[in-house]
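Report on the structure given below.
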Amino acid sequence: MRPGNPGDWDEIGVAHPSVIERNGELLMYYSGFGPAGEQVGLATSTDGVSFGKFSGNAVLIAGAIGEWDSSGVDQ
């Protein structure tokens, strides 16, 4: 998994992948780092080699300033 393009939620970097299988599809949850801090994204694969990022990322976002999870979330 590569970091996103400039301006993407995961533009600074990606890390901490976790993969699970559901009905023959592999779901990879991963941490992405960007201007909003650490958030969780999703990528999918059918072969375990090529993963495509979910277009609705990030799937778990950091809270607003002052909330307990404002500095980031991780899976």
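Chains: A, B, ... in order of the structure tokens. Residues: from 1 per chain. Ligands: from 1, in order shown.
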I'd like the neighbourhood of range 44-56 of chain A as a list in words, where a residue qualifies if any of its atoms comes within 8 Å (using only C-alpha atoms), though same-chain residues fewer than 6 positions away should be ignored.
Met1, Gly24, Glu25, Leu26, Leu27 and Met28 of chain A
Would you mind exporting the chosen residues as a CSV table (one decimal), in the first residue's frame, restricted to all heavy atoms?
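And here is the file that came out, again03.csv:
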```csv
chain,number,residue,atom,x,y,z
A,1,MET,N,0.9,-1.2,0.0
A,1,MET,CA,0.0,0.0,0.0
A,1,MET,C,0.9,1.2,0.0
A,1,MET,O,1.8,1.3,0.8
A,1,MET,CB,-0.9,0.0,1.2
A,1,MET,CG,-1.9,1.0,1.3
A,1,MET,SD,-3.2,1.0,0.0
A,1,MET,CE,-3.7,-0.7,0.0
A,24,GLY,N,-14.6,-14.7,0.5
A,24,GLY,CA,-13.7,-14.8,-0.6
A,24,GLY,C,-13.0,-13.5,-0.9
A,24,GLY,O,-12.2,-13.5,-1.8
A,25,GLU,N,-13.3,-12.5,-0.2
A,25,GLU,CA,-12.7,-11.2,-0.5
A,25,GLU,C,-11.8,-10.8,0.7
A,25,GLU,O,-12.1,-11.1,1.8
A,25,GLU,CB,-13.7,-10.1,-0.7
A,25,GLU,CG,-13.2,-8.7,-1.0
A,25,GLU,CD,-14.2,-7.7,-1.2
A,25,GLU,OE1,-15.2,-7.7,-0.5
A,25,GLU,OE2,-14.0,-6.8,-2.1
A,26,LEU,N,-10.6,-10.3,0.4
A,26,LEU,CA,-9.7,-9.9,1.5
A,26,LEU,C,-9.9,-8.4,1.8
A,26,LEU,O,-9.9,-7.6,0.9
A,26,LEU,CB,-8.3,-10.1,1.1
A,26,LEU,CG,-7.9,-11.6,0.8
A,26,LEU,CD1,-6.6,-11.8,0.2
A,26,LEU,CD2,-8.0,-12.4,2.1
A,27,LEU,N,-10.1,-8.1,3.0
A,27,LEU,CA,-10.3,-6.7,3.5
A,27,LEU,C,-9.1,-6.3,4.3
A,27,LEU,O,-8.7,-6.9,5.3
A,27,LEU,CB,-11.5,-6.6,4.3
A,27,LEU,CG,-12.8,-7.1,3.8
A,27,LEU,CD1,-13.9,-7.1,4.8
A,27,LEU,CD2,-13.2,-6.3,2.5
A,28,MET,N,-8.4,-5.3,3.9
A,28,MET,CA,-7.2,-4.8,4.6
A,28,MET,C,-7.5,-3.4,5.2
A,28,MET,O,-7.8,-2.5,4.5
A,28,MET,CB,-6.0,-4.6,3.7
A,28,MET,CG,-4.8,-4.0,4.5
A,28,MET,SD,-3.2,-3.9,3.6
A,28,MET,CE,-3.6,-3.5,2.0
```
Please provide as number ranges by chain all residues within 10 Å of Ser18 in chain A, with the sequence filter that same-chain residues fewer than 4 positions apart are discarded (counting only C-alpha atoms).
A: 27-31, 42, 75
Which value, in Å to one decimal, gives the distance between CA of Val59 in chain A and CA of Asn23 in chain A?
20.0 Å
Counting only C-alpha atoms, what is within 9 Å of Phe33 in chain A, bar same-chain residues fewer than 3 positions away, as an mmCIF file with N, CA, C and O atoms, in the first residue's frame?
```
data_model
loop_
_atom_site.group_PDB
_atom_site.id
_atom_site.type_symbol
_atom_site.label_atom_id
_atom_site.label_comp_id
_atom_site.auth_asym_id
_atom_site.auth_seq_id
_atom_site.Cartn_x
_atom_site.Cartn_y
_atom_site.Cartn_z
ATOM 1 N N PRO A 3 1.307 5.554 0.120
ATOM 2 C CA PRO A 3 0.608 6.747 0.601
ATOM 3 C C PRO A 3 -0.232 7.356 -0.525
ATOM 4 O O PRO A 3 0.031 7.135 -1.712
ATOM 5 N N TRP A 9 -6.250 12.017 2.323
ATOM 6 C CA TRP A 9 -6.279 11.830 3.774
ATOM 7 C C TRP A 9 -5.065 11.043 4.278
ATOM 8 O O TRP A 9 -4.681 11.162 5.430
ATOM 9 N N ASP A 10 -4.445 10.231 3.409
ATOM 10 C CA ASP A 10 -3.296 9.397 3.786
ATOM 11 C C ASP A 10 -2.022 9.800 3.041
ATOM 12 O O ASP A 10 -1.158 8.983 2.765
ATOM 13 N N GLU A 11 -1.876 11.085 2.753
ATOM 14 C CA GLU A 11 -0.762 11.559 1.934
ATOM 15 C C GLU A 11 0.602 11.439 2.603
ATOM 16 O O GLU A 11 1.618 11.345 1.930
ATOM 17 N N ILE A 12 0.666 11.434 3.921
ATOM 18 C CA ILE A 12 1.954 11.398 4.611
ATOM 19 C C ILE A 12 2.505 9.977 4.691
ATOM 20 O O ILE A 12 3.705 9.763 4.582
ATOM 21 N N GLY A 13 1.629 9.006 4.875
ATOM 22 C CA GLY A 13 2.109 7.630 4.964
ATOM 23 C C GLY A 13 1.013 6.655 5.331
ATOM 24 O O GLY A 13 -0.089 7.046 5.716
ATOM 25 N N VAL A 14 1.330 5.377 5.202
ATOM 26 C CA VAL A 14 0.424 4.293 5.572
ATOM 27 C C VAL A 14 1.209 3.255 6.379
ATOM 28 O O VAL A 14 2.412 3.093 6.194
ATOM 29 N N ALA A 15 0.513 2.547 7.294
ATOM 30 C CA ALA A 15 1.175 1.563 8.145
ATOM 31 C C ALA A 15 0.125 0.658 8.789
ATOM 32 O O ALA A 15 -1.079 0.873 8.635
ATOM 33 N N ALA A 36 -5.212 15.446 8.942
ATOM 34 C CA ALA A 36 -6.163 15.260 10.045
ATOM 35 C C ALA A 36 -5.644 14.279 11.090
ATOM 36 O O ALA A 36 -6.389 13.875 11.981
ATOM 37 N N GLY A 37 -4.389 13.863 10.993
ATOM 38 C CA GLY A 37 -3.837 12.904 11.942
ATOM 39 C C GLY A 37 -3.968 11.479 11.421
ATOM 40 O O GLY A 37 -4.145 11.250 10.224
ATOM 41 N N GLU A 38 -3.894 10.538 12.345
ATOM 42 C CA GLU A 38 -3.984 9.119 11.987
ATOM 43 C C GLU A 38 -5.442 8.699 11.903
ATOM 44 O O GLU A 38 -6.225 8.945 12.812
ATOM 45 N N GLN A 39 -5.798 8.053 10.782
ATOM 46 C CA GLN A 39 -7.148 7.561 10.560
ATOM 47 C C GLN A 39 -7.055 6.160 9.952
ATOM 48 O O GLN A 39 -5.977 5.708 9.583
ATOM 49 N N VAL A 40 -8.180 5.480 9.850
ATOM 50 C CA VAL A 40 -8.182 4.105 9.348
ATOM 51 C C VAL A 40 -8.835 4.047 7.976
ATOM 52 O O VAL A 40 -9.905 4.624 7.759
ATOM 53 N N GLY A 72 -6.127 11.204 16.581
ATOM 54 C CA GLY A 72 -6.072 10.122 15.609
ATOM 55 C C GLY A 72 -6.718 8.852 16.124
ATOM 56 O O GLY A 72 -6.986 8.700 17.310
#
```
Let me make sure I understand: among A:Trp68, A:Asp8, A:Gly63, A:Arg2, which one has the smallest atom-to-atom distance to Pro35 in chain A if we use only C-alpha atoms?
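Of the candidates, the smallest distance to Pro35 in chain A is held by A:Asp8.
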Give me, please, the distance in Å between CA of Ser70 in chain A and CA of Val19 in chain A, quoted to one decimal.
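Between these atoms lies a distance of 25.4 Å.
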Extract the full set of strand (DSSP E or B) residues from chain A according to DSSP on the backbone, and format it as a ChimeraX atom specification.
/A:13-22,25-34,37-45,52-53,60,72
Point-to-point distance from CA of Asn57 in chain A to CA of Val73 in chain A, Å rounded to tenths
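Rounded to one decimal, the two atoms are 13.4 Å apart.
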Of the residues A:Gly34, A:Ala58, A:Gly66, A:Ala43, which is the one nearest to Asn5 in chain A, using only C-alpha atoms?
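Comparing A:Gly34, A:Ala58, A:Gly66, A:Ala43 against Asn5 in chain A, the winner is A:Gly34.
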